[in-house]
Amino acid sequence: MKILDVLHKEAILSDLKALDKQGVLEELVTPIASIAGVNHDYLVRVLMDRERLGSTGIGDGVGIPHGKLKDLDALVLGFGLSRKGVDFESMDEQPTHIFFLLVTPENSTGLHLKLLARISRILKNELFRQKLMDASNSDEIYSIIQEEEEEEL
C-alpha cells in the first residue's frame with residue numbers, strides 16, 4: 001500500500017499554527033473529520049486517549065498520531081508540518097515538526113500496522129525529512145512524498 005493511496009491532498013496542512021499537542025491534533029483532525037464523515041471532537045478525544053498510552057512522537061522531529069474508529073469505512077491519512085515545532089513529548093525530547101495522522105477502522109489492524117511501518121520507514125530518511133521541512137505548500141509536500149514512494153519501488 002502506498003501512502004498516496006490514502007493521503008488526501010486536502011488533508012495536507014503545510015503550516016500548522018498550533019503550539020501544543022492538543023492544538024496540533026485539533027488542526028490535523030479538521031480535514032480528516034470532514035473527509036471521513038466523523039465528529040471532529042470525538043476523533044480528537046480518541047487520539048488524545050491514544051497519546052495518554054504513550055506519545056506517538058517517535059523522534060527526529062516526527063510524530064505519527066493514530067487511532068481507530070468503529071464507524072469508519074476506510075483508512076484515512078493526513079499530514080501536517082509545523083514550522084516552529086511542537087512539544088509532542090517525543091522520545092528524544094526534541095520538537096516535532098512533521099506529522100502523519102492515521103485513522104483506521106477498528107477491525108483493520110493489519111492495514112494499520114502496514115501503513116505505520118511504511119511511514120516510519122520513509123521518515124528514517126533524513127534527506128526526505130529535510131525536503132518536507134523545506135516545502136512551501138501542500139502541492140510541494142504531495143510531490144515530495146510521490147517522489148519518495150516512486151524511488152522505493
# chains A, B, ... in the order shown; residues from 1 in each chain; ligands from 1
>>> residues_around(residues="A:Leu123", least_positions_apart="6", cutoff="9 Å", atoms="only C-alpha atoms", output="list in words")
Asp60, Val62 and Arg129 of chain A
>>> closest_atom_pairs(of="stretch 46-75 of chain A", to="stretch 97-113 of chain A", cutoff="9 Å", atoms="only C-alpha atoms", output="CSV")
residue,atom,partner,partner_atom,distance
A:Leu47,CA,A:Val103,CA,8.9
A:Gly57,CA,A:Phe99,CA,8.7
A:Asp60,CA,A:His97,CA,8.9
A:Gly61,CA,A:His97,CA,5.1
A:Val62,CA,A:Ile98,CA,4.8
A:Gly63,CA,A:Phe99,CA,4.8
A:Ile64,CA,A:Phe100,CA,4.9
A:Pro65,CA,A:Leu101,CA,5.1
A:His66,CA,A:Leu102,CA,4.6
A:Gly67,CA,A:Val103,CA,5.1
A:Lys68,CA,A:Thr104,CA,4.9
A:Leu69,CA,A:Glu106,CA,5.1
A:Lys70,CA,A:Glu106,CA,4.7
A:Asp71,CA,A:Pro105,CA,6.9
A:Leu72,CA,A:Pro105,CA,4.9
A:Asp73,CA,A:Pro105,CA,6.3
A:Ala74,CA,A:Pro105,CA,6.2
A:Leu75,CA,A:Thr104,CA,4.3
>>> write_last_selection(atoms="C-alpha atoms", output="short mmCIF file (atom, residue, chain, number, x, y, z; two decimals), in the first residue's frame")
data_model
loop_
_atom_site.label_atom_id
_atom_site.label_comp_id
_atom_site.auth_asym_id
_atom_site.auth_seq_id
_atom_site.Cartn_x
_atom_site.Cartn_y
_atom_site.Cartn_z
CA LEU A 47 -6.31 10.47 19.51
CA GLY A 57 6.26 11.41 18.81
CA ASP A 60 13.82 13.07 14.71
CA GLY A 61 11.09 15.73 14.55
CA VAL A 62 8.41 13.19 13.59
CA GLY A 63 5.01 12.37 15.09
CA ILE A 64 2.58 9.73 13.85
CA PRO A 65 -0.60 10.17 15.88
CA HIS A 66 -3.05 7.39 15.15
CA GLY A 67 -6.34 5.97 16.30
CA LYS A 68 -9.07 3.51 15.43
CA LEU A 69 -12.77 4.24 14.96
CA LYS A 70 -15.50 1.62 14.79
CA ASP A 71 -17.76 3.63 12.47
CA LEU A 72 -15.08 4.34 9.88
CA ASP A 73 -15.38 2.80 6.39
CA ALA A 74 -11.81 3.23 5.19
CA LEU A 75 -8.37 4.22 6.39
#
>>> atom_distance(atom1="atom CA of A:Ala36", atom2="atom CA of A:Gly80")
17.1 Å
>>> closest_residue(among="A:Lys84, A:Asn137, A:Asn39, A:Thr96", to="A:Lys17", atoms="only C-alpha atoms")
A:Lys84
>>> closest_residue(among="A:Ile58, A:Leu115, A:Ile144, A:Ala33", to="A:Met91", atoms="only C-alpha atoms")
A:Ile58
>>> closest_residue(among="A:Glu140, A:Glu89, A:Glu126, A:Glu149", to="A:Leu13", atoms="only C-alpha atoms")
A:Glu140
>>> select_by_dssp(residues="stretch 52-115 of chain A", states="strand (DSSP E or B)", output="MDAnalysis selection string")
chainID A and resid 57:59 62:63 66:69 76:87 96:105
>>> residues_around(residues="A:Ala135", least_positions_apart="6", cutoff="10 Å", atoms="only C-alpha atoms", output="PyMOL selection string")
chain A and resi 14-15+81+141-144
>>> write_last_selection(atoms="N, CA and C atoms", output="mmCIF file, in the first residue's frame")
data_model
loop_
_atom_site.group_PDB
_atom_site.id
_atom_site.type_symbol
_atom_site.label_atom_id
_atom_site.label_comp_id
_atom_site.auth_asym_id
_atom_site.auth_seq_id
_atom_site.Cartn_x
_atom_site.Cartn_y
_atom_site.Cartn_z
ATOM 1 N N SER A 14 0.290 22.522 5.324
ATOM 2 C CA SER A 14 1.702 22.874 5.184
ATOM 3 C C SER A 14 2.195 23.885 6.211
ATOM 4 N N ASP A 15 1.304 24.377 7.063
ATOM 5 C CA ASP A 15 1.752 25.364 8.052
ATOM 6 C C ASP A 15 0.858 25.330 9.296
ATOM 7 N N LEU A 81 2.653 19.995 8.832
ATOM 8 C CA LEU A 81 4.009 20.493 9.010
ATOM 9 C C LEU A 81 3.968 21.683 9.950
ATOM 10 N N ILE A 141 4.561 19.285 -0.926
ATOM 11 C CA ILE A 141 4.638 18.154 0.009
ATOM 12 C C ILE A 141 4.144 16.880 -0.682
ATOM 13 N N TYR A 142 3.018 16.985 -1.378
ATOM 14 C CA TYR A 142 2.456 15.847 -2.104
ATOM 15 C C TYR A 142 3.487 15.309 -3.107
ATOM 16 N N SER A 143 4.123 16.195 -3.854
ATOM 17 C CA SER A 143 5.123 15.796 -4.861
ATOM 18 C C SER A 143 6.336 15.123 -4.222
ATOM 19 N N ILE A 144 6.772 15.637 -3.081
ATOM 20 C CA ILE A 144 7.935 15.068 -2.375
ATOM 21 C C ILE A 144 7.622 13.642 -1.929
#
>>> select_by_dssp(residues="stretch 31-69 of chain A", states="helix (DSSP H, G or I)", output="PyMOL selection string")
chain A and resi 31-36+40-53
>>> write_last_selection(atoms="C-alpha atoms", output="PDB file, in the first residue's frame")
ATOM      1  CA  PRO A  31      -9.883  17.962   7.208  1.00  0.00           C
ATOM      2  CA  ILE A  32      -9.859  14.284   8.258  1.00  0.00           C
ATOM      3  CA  ALA A  33     -13.178  14.558  10.132  1.00  0.00           C
ATOM      4  CA  SER A  34     -14.738  16.104   7.052  1.00  0.00           C
ATOM      5  CA  ILE A  35     -13.286  13.512   4.637  1.00  0.00           C
ATOM      6  CA  ALA A  36     -14.221  10.561   6.860  1.00  0.00           C
ATOM      7  CA  HIS A  40     -14.230  16.326  14.991  1.00  0.00           C
ATOM      8  CA  ASP A  41     -14.248  16.439  18.814  1.00  0.00           C
ATOM      9  CA  TYR A  42     -14.772  12.694  19.113  1.00  0.00           C
ATOM     10  CA  LEU A  43     -11.789  11.994  16.858  1.00  0.00           C
ATOM     11  CA  VAL A  44      -9.576  14.407  18.833  1.00  0.00           C
ATOM     12  CA  ARG A  45     -10.644  12.581  22.017  1.00  0.00           C
ATOM     13  CA  VAL A  46      -9.755   9.172  20.516  1.00  0.00           C
ATOM     14  CA  LEU A  47      -6.314  10.475  19.510  1.00  0.00           C
ATOM     15  CA  MET A  48      -5.663  12.119  22.889  1.00  0.00           C
ATOM     16  CA  ASP A  49      -6.653   8.870  24.636  1.00  0.00           C
ATOM     17  CA  ARG A  50      -4.113   7.044  22.450  1.00  0.00           C
ATOM     18  CA  GLU A  51      -1.450   9.661  23.305  1.00  0.00           C
ATOM     19  CA  ARG A  52      -2.014   9.008  27.016  1.00  0.00           C
ATOM     20  CA  LEU A  53      -0.871   5.415  26.462  1.00  0.00           C
TER      21      LEU A  53
END
>>> residues_around(residues="A:Lys9", least_positions_apart="3", cutoff="8 Å", atoms="only C-alpha atoms", output="list in words")
Ile12, Ser138, Asp139 and Tyr142 of chain A
>>> write_last_selection(atoms="N, CA, C and O atoms", output="PDB file, in the first residue's frame")
ATOM      1  N   ILE A  12      -3.474  17.707   3.642  1.00  0.00           N
ATOM      2  CA  ILE A  12      -2.075  18.089   3.794  1.00  0.00           C
ATOM      3  C   ILE A  12      -2.041  19.544   4.244  1.00  0.00           C
ATOM      4  O   ILE A  12      -2.422  20.447   3.501  1.00  0.00           O
ATOM      5  N   SER A 138       1.248  22.650   0.177  1.00  0.00           N
ATOM      6  CA  SER A 138       0.773  21.262   0.201  1.00  0.00           C
ATOM      7  C   SER A 138       1.028  20.527  -1.119  1.00  0.00           C
ATOM      8  O   SER A 138       1.284  19.327  -1.112  1.00  0.00           O
ATOM      9  N   ASP A 139       1.001  21.231  -2.242  1.00  0.00           N
ATOM     10  CA  ASP A 139       1.293  20.583  -3.530  1.00  0.00           C
ATOM     11  C   ASP A 139       2.732  20.074  -3.563  1.00  0.00           C
ATOM     12  O   ASP A 139       3.017  18.985  -4.056  1.00  0.00           O
ATOM     13  N   TYR A 142       3.018  16.985  -1.378  1.00  0.00           N
ATOM     14  CA  TYR A 142       2.456  15.847  -2.104  1.00  0.00           C
ATOM     15  C   TYR A 142       3.487  15.309  -3.107  1.00  0.00           C
ATOM     16  O   TYR A 142       3.720  14.096  -3.187  1.00  0.00           O
TER      17      TYR A 142
END
